[in-house]
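*Asks:* Sharing a structure below in structure tokens format, with a few things to ask.
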Amino acid sequence: MSTLQQRSTAPGGDGLGYHVLGFDNKTGDRLELLRLRSQFSGHAPFDTALRQRFRQLAEFSDPAFARVRQIDGPAGASPSIVIVSPHVPGVRLAEMLTVADSFDVRIDVGAALCLARQLTAAIATLHAFNDDISHGCISPEHLLLTAEGRLIVTEHILGSALEAMEWPREKFWYELRIVLPASSQPAVFDRQADIMQIGLLTLALLENRQVYGERRYPLPLAHHVAAAREMPLDGPSQPLSPALAEWLTRALQRDRASAFTTIDAALTALDQVIDEGRYDARQSAVAAFAARCRAASPDLEPRVPERAPLSPRASTLAPASPQEQADVEFEIEDDEEAEPITFMPVTDDEAVSFEPVAFTPAGNGNGNGAYGSHVTHVTPAPVSVSSSIFLPEDALDEPRPDGVDDLAPDYEGNSLLDMEVFVGMVHQQKRPFVVHVEKIPLLLVEPVRRAYWLLPRQAGAEPPSIGDVIARLRRGSLRYRDCRTDDPPQSAGFPIELLLWNLGMALQPDDLLPQVKARGWVQLTRWPDFGRIRSNQAQLKMSALLTTRAFAVDEVFDALGEPRPSVIAFLNACSLCGLLADAPVEAPAPSVSHLAREGRSLGGLMQRLRGALGIGRA
Amino acid sequence: MAREYKIVFVGSMGSGKTTAIRNVSDVAPISTEVDNSTRAEFDKATTTVAMDYGEVALPDGDILRLYGTPGQARFDFMWKIVGRGALGFVFLVDNSRPDPCQDLKDYLDAFDGLLNESVSVIGIGRTETHHAPPLGSYFELLGARRLNIPAFAVDVRKRDDVLLLLDTLFHQIEATTERQQMENAG
């Protein structure tokens, strides 16, 4: 499975964040939102550059682009920057290519070149608008394909912001599949980068997307160009024509002397290739390709967000007694004037039945409306937390790595988005917040202290069990409310890593989470805190191996030598705990050569030591 | 001929080295403790001036020796001596100390050269009663130094927690050996 395909299977997500559809309640406009990952939202230079580019392009309007309407957040309970665009009916090219890959739908050379031509022309328009403007992150995830075969460029304001991250080029590739021209200088998202990214996308279309699965960087582009084939609608494939191969080579900047220096030059040359090769690169070829994909997978029909009924604004909290309020009191932030907007996942198969997640503009004072806030259905009622609601310590020993069958079996894939938001809140939010599930307050989370407290359904009631909490979290439909930090709980609470770990162990035991698969490889940034999390021998072994080096997802099951369900549960849990590395790291490993030098065999020694110490016995 | 292996427990005074060794040793641990000359800083009547010692007998006559190093900085000359040739190090940190992260930094500095030759694990104690610094501070410290050392919240009064620390060393040794074999083969 190519990396592109793996990335595309994430529900509405890509390396930058994830997409949701929604409405502006004031205007009724359908919207598409890209909620960015925390590492971008939390980086001030990124934010600054993004807003500057947004202002630069405020007057830019072209049918080939989905205009960015506004940028919201991060503010209040929303930890993310959200890029808001009008919704354009269509399917992300990444999704289309995934279907083509899965159902063996041929991308004929005519359709491929038509897509390349449309993209090049669109970027030429962007470059012509302003001398300083480039796109920067051209990839299938940021291109829409309409039913008529028209290509729409989206999220075109990100280039300079990504440049502000000052990542090495390798990281841009491993994280975002963004390729950048080689140089000894820091990565620059300029027009040459745009040309190279167009070349890479064209190459990917011609060689069945293999290059996006490439784990080597710098990319072995010569190899990929040589492997690319022209695929007619019928009949056998054939090598690229010399003219097309040359165009690719020049676009990919393989030789600086012959590389295209302007997008116009690339467009002119591409037109010549198409004309001289007599390729059927009309838009109808793309439409036919899209139709074949839809025939293979009806789910690809462009999904139009429908206005969902707004949930009634109501308090679900039982009034707390004065005594309880005296213990610890958190006041919910409120914005009575806020108008909720409803969103639903854009790419999930079950999106139609997915209960819309309601977001409320929080009025963060930045003038952008802050669509990204998770504060919903707020009430001024305080949430009371006292030590009497804590789960008994011995109950925390119960969750078992293999205990997922004990939990509610009604897991639905579409709750993954809710789960992603919950985990994002835990890792990104700075202030305490309360998690509600089905209108019931369930958890108080204190992200800075990395702790959580269980909340009773009613004052004086028994707190839920950890198994019940996990089952409720898995069902989704989560709501969040901010709390003040003035008077945090005095007790330690429970380690949030413990909750996330058990949640991960309980998720999708038959497969890796999409965000794990999407990485293409896995490596741990550190060991889980096995002092608090009950571990077994397999988990210790996997931790030791995965902190030492990165493994490709495809090979990790064999490499770890553990049963597949154990590996899946372990990696899912590590993912939720935020333990998977953002980029492969060559971890310094200690040498144990002094033992070997002394002629000692380590082969059976560790097992003998375990035996002598009674480690691993039931 | 019987072989001997060595694991070294390192930690500040009161971090639980003696307790940890006592918890897993086959023999009554030998501790050479004398009056604490720094009572103003540490509320402990005695402290280890030489080292703690315990051992675990392996079935074939081999022995795993467990050493606890002196906890005071004035004995730091001994740390490298006792650490040489060790299978691994167990660093014990007392979270109730005034600046436990600095304690860990001091030990990591002192054992800098040996960390490249042996595996290590960090056990952080008294986190239940002293919430700060959070474990994240230790993770950040290790990350800043690019040290791939596991760190767990533990209570070394519990035998299982001590065994977790030791088993973590064993798994790291196995993983490191496997990696070296792969690199040699590749």
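Ligands are numbered from 1 in the order shown, residues from 1 within each chain, and chains are lettered A, B, ... in the order they appear in the structure tokens.
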Mind listing the strand (DSSP E or B) residues of chain B, per DSSP on the backbone, as a VMD selection string?
*Replies:* chain B and resid 4 to 11 30 to 35 46 to 57 63 to 68 88 to 94 119 to 125 151 to 153
*Asks:* If we count only C-alpha atoms, what is near range 108-111 of chain A at a cut-off of 6 Å, once residues fewer than 5 positions away on the same chain are taken out, given as number ranges by chain?
*Replies:* A: 230-233, 279-281, 285-286
*Asks:* Write the selection just made, keeping N, CA and C atoms, as a compact mmCIF listing (two decimals), in the first residue's frame?
*Replies:*
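Below is the file selection_19.txt, written as the result:
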```txt
# COMPACT_ATOMS: atom_id res chain seq x y z
N GLU A 230 3.68 5.45 -19.56
CA GLU A 230 2.48 6.05 -20.15
C GLU A 230 1.42 4.97 -20.22
N MET A 231 0.28 5.23 -19.64
CA MET A 231 -0.78 4.24 -19.57
C MET A 231 -1.92 4.69 -20.48
N PRO A 232 -2.12 4.01 -21.61
CA PRO A 232 -3.27 4.37 -22.44
C PRO A 232 -4.55 3.85 -21.79
N LEU A 233 -5.69 4.28 -22.30
CA LEU A 233 -6.94 3.78 -21.75
C LEU A 233 -7.06 2.28 -21.94
N TYR A 279 -1.57 13.64 -27.10
CA TYR A 279 -2.26 13.02 -25.97
C TYR A 279 -3.68 13.58 -25.88
N ASP A 280 -4.59 12.75 -25.46
CA ASP A 280 -5.96 13.21 -25.25
C ASP A 280 -6.05 13.80 -23.85
N ALA A 281 -5.54 14.99 -23.70
CA ALA A 281 -5.45 15.62 -22.38
C ALA A 281 -6.58 16.62 -22.19
N ALA A 285 -11.20 13.71 -20.34
CA ALA A 285 -10.43 12.51 -19.94
C ALA A 285 -10.38 12.41 -18.42
N VAL A 286 -10.25 13.56 -17.75
CA VAL A 286 -10.25 13.56 -16.29
C VAL A 286 -11.64 13.19 -15.76
```
*Asks:* Near chain A, meaning an atom within 8 Å, which residues of chain B appear when counting only C-alpha atoms? Write them as a VMD selection string.
*Replies:* chain B and resid 24 56 to 59 64 85 87 115 to 119 128 131 134 139 146 to 154 161 163 to 164 167 to 168 170 to 177 179
*Asks:* Quick one: everything within 12 Å of Gln253 in chain A, counting only C-alpha atoms, minus sequence neighbours fewer than 4 positions away in the same chain. Send it as a list of chain:residue names.
*Replies:* A:Val179, A:Leu180, A:Pro181, A:Ala182, A:Ser183, A:Arg191, A:Gln192, A:Ala193, A:Asp194, A:Ile195, A:Met196, A:Gln197, A:Ile198, A:Gly199, A:Leu200, A:Leu219, A:Leu221, A:Ala222, A:Glu246, A:Trp247, A:Leu248, A:Thr249, A:Ala257, A:Ser258, A:Ala259, A:Phe260, A:Thr261, A:Thr262, A:Ala266
*Asks:* Write a file of the just-selected residues containing N, CA, C and O atoms, as a compact mmCIF listing (two decimals), in the first residue's frame.
*Replies:*
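Output file again_6.txt is given in full below:
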```txt
# COMPACT_ATOMS: atom_id res chain seq x y z
N VAL A 179 7.89 18.11 -1.31
CA VAL A 179 9.26 18.04 -1.81
C VAL A 179 9.74 19.45 -2.10
O VAL A 179 8.97 20.31 -2.50
N LEU A 180 11.00 19.69 -1.83
CA LEU A 180 11.58 21.02 -2.03
C LEU A 180 12.91 20.89 -2.75
O LEU A 180 13.63 19.89 -2.55
N PRO A 181 13.24 21.85 -3.59
CA PRO A 181 14.52 21.78 -4.31
C PRO A 181 15.69 21.67 -3.35
O PRO A 181 15.69 22.30 -2.29
N ALA A 182 16.68 20.88 -3.74
CA ALA A 182 17.85 20.69 -2.89
C ALA A 182 18.67 21.98 -2.86
O ALA A 182 18.77 22.69 -3.85
N SER A 183 19.24 22.24 -1.72
CA SER A 183 20.09 23.42 -1.55
C SER A 183 20.79 23.30 -0.22
O SER A 183 20.32 22.61 0.69
N ARG A 191 8.83 29.72 -5.85
CA ARG A 191 8.19 29.27 -7.09
C ARG A 191 8.87 28.03 -7.66
O ARG A 191 8.22 27.21 -8.31
N GLN A 192 10.17 27.93 -7.42
CA GLN A 192 10.84 26.71 -7.86
C GLN A 192 10.27 25.51 -7.13
O GLN A 192 10.15 24.42 -7.71
N ALA A 193 9.93 25.72 -5.87
CA ALA A 193 9.31 24.62 -5.12
C ALA A 193 7.97 24.24 -5.73
O ALA A 193 7.64 23.05 -5.85
N ASP A 194 7.20 25.25 -6.12
CA ASP A 194 5.91 24.96 -6.76
C ASP A 194 6.10 24.11 -8.02
O ASP A 194 5.38 23.13 -8.25
N ILE A 195 7.07 24.52 -8.82
CA ILE A 195 7.31 23.79 -10.08
C ILE A 195 7.71 22.35 -9.78
O ILE A 195 7.25 21.40 -10.41
N MET A 196 8.59 22.20 -8.81
CA MET A 196 9.03 20.85 -8.46
C MET A 196 7.87 20.00 -7.94
O MET A 196 7.75 18.81 -8.26
N GLN A 197 7.00 20.62 -7.16
CA GLN A 197 5.86 19.86 -6.62
C GLN A 197 4.87 19.48 -7.71
O GLN A 197 4.26 18.41 -7.67
N ILE A 198 4.72 20.35 -8.70
CA ILE A 198 3.88 19.98 -9.85
C ILE A 198 4.51 18.80 -10.59
O ILE A 198 3.82 17.85 -10.99
N GLY A 199 5.83 18.87 -10.75
CA GLY A 199 6.52 17.77 -11.40
C GLY A 199 6.33 16.46 -10.65
O GLY A 199 6.10 15.41 -11.24
N LEU A 200 6.40 16.55 -9.33
CA LEU A 200 6.27 15.33 -8.53
C LEU A 200 4.85 14.77 -8.63
O LEU A 200 4.66 13.56 -8.73
N LEU A 219 14.81 12.29 -2.62
CA LEU A 219 14.08 11.30 -3.40
C LEU A 219 14.93 10.81 -4.57
O LEU A 219 15.58 11.62 -5.25
N LEU A 221 14.77 10.48 -7.68
CA LEU A 221 13.84 10.87 -8.75
C LEU A 221 14.19 10.23 -10.08
O LEU A 221 13.31 9.91 -10.87
N ALA A 222 15.49 10.07 -10.33
CA ALA A 222 15.87 9.45 -11.61
C ALA A 222 15.28 8.05 -11.72
O ALA A 222 14.78 7.64 -12.78
N GLU A 246 11.66 14.40 -20.46
CA GLU A 246 12.47 15.62 -20.31
C GLU A 246 11.70 16.68 -19.53
O GLU A 246 12.27 17.37 -18.67
N TRP A 247 10.41 16.79 -19.81
CA TRP A 247 9.62 17.80 -19.08
C TRP A 247 9.62 17.48 -17.58
O TRP A 247 9.80 18.35 -16.74
N LEU A 248 9.44 16.21 -17.29
CA LEU A 248 9.45 15.81 -15.88
C LEU A 248 10.79 16.14 -15.23
O LEU A 248 10.86 16.66 -14.11
N THR A 249 11.86 15.81 -15.95
CA THR A 249 13.20 16.04 -15.40
C THR A 249 13.43 17.53 -15.13
O THR A 249 13.98 17.90 -14.10
N ALA A 257 20.70 23.53 -14.32
CA ALA A 257 20.93 24.30 -15.55
C ALA A 257 19.73 24.21 -16.48
O ALA A 257 19.42 25.16 -17.20
N SER A 258 19.06 23.05 -16.48
CA SER A 258 17.96 22.89 -17.43
C SER A 258 16.59 23.02 -16.76
O SER A 258 15.57 22.91 -17.43
N ALA A 259 16.56 23.22 -15.46
CA ALA A 259 15.28 23.29 -14.75
C ALA A 259 14.45 24.47 -15.21
O ALA A 259 15.01 25.51 -15.59
N PHE A 260 13.16 24.30 -15.19
CA PHE A 260 12.28 25.42 -15.50
C PHE A 260 12.50 26.51 -14.46
O PHE A 260 12.48 26.24 -13.25
N THR A 261 12.67 27.72 -14.94
CA THR A 261 12.89 28.82 -14.00
C THR A 261 11.61 29.59 -13.72
O THR A 261 11.54 30.34 -12.75
N THR A 262 10.61 29.41 -14.57
CA THR A 262 9.32 30.06 -14.32
C THR A 262 8.20 29.06 -14.59
O THR A 262 8.37 28.11 -15.36
N ALA A 266 7.31 26.29 -17.76
CA ALA A 266 6.87 24.91 -17.56
C ALA A 266 5.55 24.65 -18.27
O ALA A 266 5.33 23.58 -18.86
```
*Asks:* Report, in Å to a single decimal, how far apart CA of Cys293 in chain A and CA of Asn208 in chain A are.
*Replies:* 14.4 Å
*Asks:* Would you list the contacts of range 115-121 of chain A as a VMD selection string, taking every protein, DNA or RNA residue within 7 Å and counting only C-alpha atoms, but skipping same-chain residues closer than 5 positions in sequence?
*Replies:* chain A and resid 151 198 202 267 270
